[in-house]
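Structure record follows, encoded as structure tokens.
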Amino acid sequence: MKLVGLIITTVFLGATVAEAAEVKLQSLQVQSKLKAGKPYRVKVKYSATGEVDLSKACFLWSGEGPFCFSGFSDEKGVISLKLRTNNPGRYKLEGYIQYVGGGQFKNSNKVAKTIRVRR
């Protein structure tokens, strides 16, 4: 009976650990002077619990999108990539990460920053 209880407890704890895999975004950093049609660097700081596999970084410009990219660098809790906005204006840039955690496809929380793109 003790062995059965141990097996059930081990299976339950394993499932709990797998479900706890999560990515939490903390901030979005982007340079302040942006020009239409010119690439700009975006950095997203995050923390992760459990085993996660980052798939894509997704962005929306004032609700337009999402546009998702798999070509990003990932160093010590910061993903980095270049984006480009062709239209001048003021935008709310929102970002989130698509990832696999606990055997499931998930989206992180969103982080945002207001940007101004000039001609």
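Please note that chains go A, B, ... in the order of the structure tokens, that every chain numbers its residues from 1, and that ligands are numbered from 1 in the order shown.
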Non-local contacts of Ser70 (chain A) (12 Å; only C-alpha atoms; under 2 positions in same chain excluded) as a list of chain:residue names: A:Asp53, A:Leu54, A:Ser55, A:Lys56, A:Ala57, A:Cys58, A:Phe59, A:Phe67, A:Cys68, A:Phe72, A:Ser73, A:Asp74, A:Ile79, A:Ser80, A:Leu81, A:Lys82, A:Ile97, A:Gln98, A:Tyr99
Residue subset to file, keeping N, CA and C atoms, as an mmCIF file, in the first residue's frame:
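Result went into selection.cif, see below:
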```
data_model
loop_
_atom_site.group_PDB
_atom_site.id
_atom_site.type_symbol
_atom_site.label_atom_id
_atom_site.label_comp_id
_atom_site.auth_asym_id
_atom_site.auth_seq_id
_atom_site.Cartn_x
_atom_site.Cartn_y
_atom_site.Cartn_z
ATOM 1 N N ASP A 53 10.423 26.205 -23.634
ATOM 2 C CA ASP A 53 11.086 26.343 -24.928
ATOM 3 C C ASP A 53 10.447 27.531 -25.634
ATOM 4 N N LEU A 54 11.204 28.637 -25.753
ATOM 5 C CA LEU A 54 10.681 29.840 -26.392
ATOM 6 C C LEU A 54 10.565 29.602 -27.893
ATOM 7 N N SER A 55 9.406 29.875 -28.456
ATOM 8 C CA SER A 55 9.156 29.619 -29.875
ATOM 9 C C SER A 55 9.218 30.896 -30.713
ATOM 10 N N LYS A 56 8.390 31.884 -30.349
ATOM 11 C CA LYS A 56 8.288 33.106 -31.142
ATOM 12 C C LYS A 56 8.083 34.316 -30.240
ATOM 13 N N ALA A 57 8.559 35.454 -30.707
ATOM 14 C CA ALA A 57 8.287 36.737 -30.072
ATOM 15 C C ALA A 57 7.255 37.442 -30.944
ATOM 16 N N CYS A 58 6.158 37.871 -30.338
ATOM 17 C CA CYS A 58 5.047 38.461 -31.087
ATOM 18 C C CYS A 58 4.824 39.909 -30.654
ATOM 19 N N PHE A 59 4.478 40.760 -31.635
ATOM 20 C CA PHE A 59 4.296 42.181 -31.358
ATOM 21 C C PHE A 59 3.045 42.714 -32.044
ATOM 22 N N PHE A 67 2.343 40.183 -35.111
ATOM 23 C CA PHE A 67 3.373 39.758 -36.040
ATOM 24 C C PHE A 67 4.389 38.992 -35.198
ATOM 25 N N CYS A 68 4.628 37.729 -35.553
ATOM 26 C CA CYS A 68 5.459 36.853 -34.723
ATOM 27 C C CYS A 68 6.746 36.481 -35.452
ATOM 28 N N PHE A 72 15.259 35.425 -33.007
ATOM 29 C CA PHE A 72 15.661 36.342 -31.936
ATOM 30 C C PHE A 72 16.793 35.715 -31.143
ATOM 31 N N SER A 73 17.566 36.558 -30.477
ATOM 32 C CA SER A 73 18.605 36.038 -29.586
ATOM 33 C C SER A 73 18.036 35.979 -28.171
ATOM 34 N N ASP A 74 18.556 35.058 -27.395
ATOM 35 C CA ASP A 74 18.091 34.851 -26.020
ATOM 36 C C ASP A 74 19.310 34.693 -25.127
ATOM 37 N N ILE A 79 15.377 38.533 -24.426
ATOM 38 C CA ILE A 79 15.366 38.252 -25.856
ATOM 39 C C ILE A 79 15.567 39.580 -26.576
ATOM 40 N N SER A 80 16.197 39.494 -27.732
ATOM 41 C CA SER A 80 16.531 40.691 -28.480
ATOM 42 C C SER A 80 16.311 40.425 -29.969
ATOM 43 N N LEU A 81 15.710 41.396 -30.649
ATOM 44 C CA LEU A 81 15.519 41.290 -32.084
ATOM 45 C C LEU A 81 15.309 42.675 -32.659
ATOM 46 N N LYS A 82 15.381 42.763 -33.977
ATOM 47 C CA LYS A 82 15.143 44.037 -34.650
ATOM 48 C C LYS A 82 13.769 44.019 -35.301
ATOM 49 N N ILE A 97 5.492 36.446 -25.680
ATOM 50 C CA ILE A 97 6.270 35.315 -26.172
ATOM 51 C C ILE A 97 5.381 34.089 -26.244
ATOM 52 N N GLN A 98 5.471 33.376 -27.356
ATOM 53 C CA GLN A 98 4.838 32.067 -27.484
ATOM 54 C C GLN A 98 5.886 31.033 -27.081
ATOM 55 N N TYR A 99 5.475 30.063 -26.265
ATOM 56 C CA TYR A 99 6.427 29.070 -25.767
ATOM 57 C C TYR A 99 5.728 27.751 -25.478
#
```
6 Å contact set for Val111 (chain A), only C-alpha atoms, chain neighbours under 5 positions out, as a VMD selection string: chain A and resid 27 94 to 95
What does the file look like for those residues with all heavy atoms, as an mmCIF file, in the first residue's frame?
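Wrote it out as again-v3.cif, contents follow:
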```cif
data_model
loop_
_atom_site.group_PDB
_atom_site.id
_atom_site.type_symbol
_atom_site.label_atom_id
_atom_site.label_comp_id
_atom_site.auth_asym_id
_atom_site.auth_seq_id
_atom_site.Cartn_x
_atom_site.Cartn_y
_atom_site.Cartn_z
ATOM 1 N N SER A 27 9.622 43.502 -18.831
ATOM 2 C CA SER A 27 9.708 44.830 -19.447
ATOM 3 C C SER A 27 10.027 44.723 -20.927
ATOM 4 O O SER A 27 10.547 43.717 -21.394
ATOM 5 C CB SER A 27 10.784 45.675 -18.761
ATOM 6 O OG SER A 27 12.071 45.120 -18.977
ATOM 7 N N GLU A 94 3.142 46.466 -28.132
ATOM 8 C CA GLU A 94 2.929 45.395 -27.157
ATOM 9 C C GLU A 94 3.679 44.150 -27.617
ATOM 10 O O GLU A 94 3.715 43.867 -28.816
ATOM 11 C CB GLU A 94 1.457 45.022 -27.051
ATOM 12 C CG GLU A 94 0.598 46.012 -26.332
ATOM 13 C CD GLU A 94 -0.827 45.505 -26.233
ATOM 14 O OE1 GLU A 94 -1.518 45.478 -27.273
ATOM 15 O OE2 GLU A 94 -1.237 45.124 -25.117
ATOM 16 N N GLY A 95 4.225 43.420 -26.667
ATOM 17 C CA GLY A 95 4.914 42.190 -27.019
ATOM 18 C C GLY A 95 4.580 41.061 -26.065
ATOM 19 O O GLY A 95 4.245 41.299 -24.892
#
```
A:Leu83, A:Val78, A:Val52, A:Leu34 ranked by distance to Arg118 (chain A), top pick (using only C-alpha atoms):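 Between A:Leu83, A:Val78, A:Val52, A:Leu34, the residue approaching Arg118 (chain A) most closely is A:Leu34.
For the pair CA of Leu60 (chain A) and CA of Lys24 (chain A), the interatomic distance is 17.8 Å.
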Which residue of A:Gly65, A:Gly102, A:Gly77, A:Pro88 approaches Lys43 (chain A) most closely, using only C-alpha atoms: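 Of the candidates, the smallest distance to Lys43 (chain A) is held by A:Gly77.
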Atomic distance CA of Glu75 (chain A) - CA of Ile115 (chain A), expressed in Å with one decimal: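 Here the two named atoms are 24.2 Å from each other.
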Strand (DSSP E) residues, from DSSP on the backbone, in region 51-118 of chain A, as a ChimeraX atom specification: /A:52-61,64-69,73-75,78-83,89-101,104-107,111-118
Residues within 10 Å of Gln26 (chain A), only C-alpha atoms, excluding chain neighbours under 3 positions, as number ranges by chain: A: 23, 44-47, 77-78, 109-112
